[in-house]
Amino acid sequence: MQAMLKEASVLGSKILDFILPFRCPVSGELVDHRGGLSPEIWSALDFIPDSICQICGVPMPPAYENIEVFEDMKCEHCNDNPPAYDMARARLKYSDTSRKLILKFKHGDQLHLVHSLTPFLTQAAIPFLTKCDLVLPVPLHPLRLLKRKYNQAAILAHAFAAQHKIAYAPDMLVRTKHTKPQTGNKINRKSNVKNAFSVNPNNKITLNGLNVILIDDVFTTGSTANACAKVLKEAGAHKIFVLSVTRVHHE
Ligand SMILES: [Zn+2]
């Protein structure tokens, strides 16, 4: 009887696969694998080029694109005020289409979108993927977590860490200040996140000498990443690589 029930449930899930085929989370069109994006949505995505600041990852002006080696490319901001993190990378520019993906994931309870977004993280992580010991999400303040029910950065970080078999420490960083939603210019954002993060004193993992990947869904001005990297380095972390799906490009 139990074997029959098991068979029935296997058959049931096969039927579900058959009657619920995979759909693009943005256009709703049929796609051939879970998390797949339809060709129309895929072609509307705006990918970040190779020609970027090697620290913060901001696309550099076209005038720089003739340089074949990008190793020493540094934007003015990183040159004048080097951030606490070592490298920040994202795969997509924050455009209409990538914004739709992120907003559905963040506010639309469409957590299955993690399957669409994780491959972008993997592509963006190529420069440091083999050098890392630990994956952490940018934390939400507990009050915001209560309101939103989940931390989208933690869902991404968990999936990314599992896929690449890197240790994952969701509670390593804590958000101690309930900051306003990130709007406004760089200076406002910087003061907004000042002293907003700390390393969880109850955490069992010692950060000494570890290379850390810090994951967020969107990289905006880098103020949040910088504030997190600062406390992680103070706690002994060696290198901090910031990884995001999309990056806002300030002109
Ligand atoms: Zn830069």
# chains A, B, ... in the order shown; residues from 1 in each chain; ligands from 1

$ residues_around --residues "range 238-246 of chain A" --least-positions-apart "3" --cutoff "7 Å" --atoms "only C-alpha atoms" --output "list of chain:residue names"
A:Tyr85, A:Asp86, A:Met87, A:Ala88, A:Arg89, A:Ala90, A:Arg91, A:Leu92, A:Lys93, A:Tyr94, A:Leu117, A:Phe120, A:Leu121, A:Ala125, A:Gly209, A:Leu210, A:Asn211, A:Val212, A:Ile213, A:Leu214, A:Ile215, A:Asp216, A:Asp217, A:Val218, A:Phe219, A:Ala225, A:Ala229, A:Lys233

$ residues_around --residues "Arg144 in chain A" --least-positions-apart "4" --cutoff "8 Å" --atoms "only C-alpha atoms" --output "list in words"
Leu140, Arg148 and His178 of chain A

$ select_by_dssp --residues "range 131-217 of chain A" --states "alpha helix (DSSP H)" --output "number ranges by chain"
A: 142-148, 152-164, 186-193

$ residues_around --residues "range 172-175 of chain A" --least-positions-apart "3" --cutoff "9 Å" --atoms "only C-alpha atoms" --output "VMD selection string"
chain A and resid 136 to 142 169 178 to 179 195 to 205 228 231 to 232

$ closest_atom_pairs --of "range 50-124 of chain A" --to "range 151-156 of chain A" --cutoff "7 Å" --atoms "only C-alpha atoms" --output "tab-separated table"
residue	atom	partner	partner_atom	distance
A:Lys106	CA	A:Gln152	CA	5.8
A:Val114	CA	A:Leu156	CA	6.1
A:Thr118	CA	A:Leu156	CA	6.5

$ residues_near_ligand --ligand "ligand 1" --cutoff "7 Å" --atoms "only C-alpha atoms and all ligand atoms" --output "list in words"
Cys53, Gln54, Ile55, Cys56, Gly57, Val58, Lys74, Cys75, Glu76, His77 and Cys78 of chain A

$ write_last_selection --atoms "N, CA and C atoms" --output "PDB file, in the first residue's frame"
ATOM      1  N   CYS A  53      35.605  50.078 -13.379  1.00  0.00           N
ATOM      2  CA  CYS A  53      36.554  50.362 -12.303  1.00  0.00           C
ATOM      3  C   CYS A  53      36.829  49.028 -11.609  1.00  0.00           C
ATOM      4  N   GLN A  54      38.093  48.680 -11.445  1.00  0.00           N
ATOM      5  CA  GLN A  54      38.432  47.363 -10.899  1.00  0.00           C
ATOM      6  C   GLN A  54      38.104  47.235  -9.415  1.00  0.00           C
ATOM      7  N   ILE A  55      37.795  48.352  -8.768  1.00  0.00           N
ATOM      8  CA  ILE A  55      37.409  48.268  -7.358  1.00  0.00           C
ATOM      9  C   ILE A  55      35.880  48.239  -7.229  1.00  0.00           C
ATOM     10  N   CYS A  56      35.223  49.331  -7.554  1.00  0.00           N
ATOM     11  CA  CYS A  56      33.776  49.393  -7.294  1.00  0.00           C
ATOM     12  C   CYS A  56      32.944  48.811  -8.436  1.00  0.00           C
ATOM     13  N   GLY A  57      33.547  48.574  -9.604  1.00  0.00           N
ATOM     14  CA  GLY A  57      32.815  47.932 -10.695  1.00  0.00           C
ATOM     15  C   GLY A  57      31.974  48.870 -11.538  1.00  0.00           C
ATOM     16  N   VAL A  58      32.117  50.161 -11.361  1.00  0.00           N
ATOM     17  CA  VAL A  58      31.301  51.091 -12.153  1.00  0.00           C
ATOM     18  C   VAL A  58      31.788  51.076 -13.609  1.00  0.00           C
ATOM     19  N   LYS A  74      40.621  52.526 -12.498  1.00  0.00           N
ATOM     20  CA  LYS A  74      40.074  52.911 -11.202  1.00  0.00           C
ATOM     21  C   LYS A  74      39.279  54.187 -11.415  1.00  0.00           C
ATOM     22  N   CYS A  75      38.075  54.265 -10.881  1.00  0.00           N
ATOM     23  CA  CYS A  75      37.293  55.489 -11.057  1.00  0.00           C
ATOM     24  C   CYS A  75      37.832  56.563 -10.102  1.00  0.00           C
ATOM     25  N   GLU A  76      37.401  57.762 -10.361  1.00  0.00           N
ATOM     26  CA  GLU A  76      37.894  58.888  -9.573  1.00  0.00           C
ATOM     27  C   GLU A  76      37.557  58.723  -8.090  1.00  0.00           C
ATOM     28  N   HIS A  77      36.328  58.248  -7.854  1.00  0.00           N
ATOM     29  CA  HIS A  77      35.875  58.120  -6.470  1.00  0.00           C
ATOM     30  C   HIS A  77      36.744  57.128  -5.692  1.00  0.00           C
ATOM     31  N   CYS A  78      37.026  55.954  -6.314  1.00  0.00           N
ATOM     32  CA  CYS A  78      37.847  54.932  -5.635  1.00  0.00           C
ATOM     33  C   CYS A  78      39.286  55.403  -5.484  1.00  0.00           C
TER      34      CYS A  78
END

$ residues_around --residues "Thr122 in chain A" --least-positions-apart "6" --cutoff "9 Å" --atoms "only C-alpha atoms" --output "JSON, numbers by chain"
{"A": [91, 129, 160, 164]}

$ closest_residue --among "A:Arg23, A:His249, A:Ala44, A:Leu146" --to "Asp96 in chain A" --atoms "only C-alpha atoms"
A:Ala44

$ residues_around --residues "Thr97 in chain A" --least-positions-apart "4" --cutoff "9 Å" --atoms "only C-alpha atoms" --output "VMD selection string"
chain A and resid 26 41 to 42 44 to 46 101 to 102

$ write_last_selection --atoms "C-alpha atoms" --output "compact mmCIF listing (two decimals), in the first residue's frame"
# COMPACT_ATOMS: atom_id res chain seq x y z
CA VAL A 26 8.55 38.55 -15.97
CA ILE A 41 13.20 39.66 -21.49
CA TRP A 42 16.73 38.32 -21.87
CA ALA A 44 16.08 43.63 -22.79
CA LEU A 45 18.64 43.11 -20.01
CA ASP A 46 21.53 45.51 -19.90
CA LEU A 101 12.99 41.12 -11.66
CA ILE A 102 14.34 42.53 -8.40
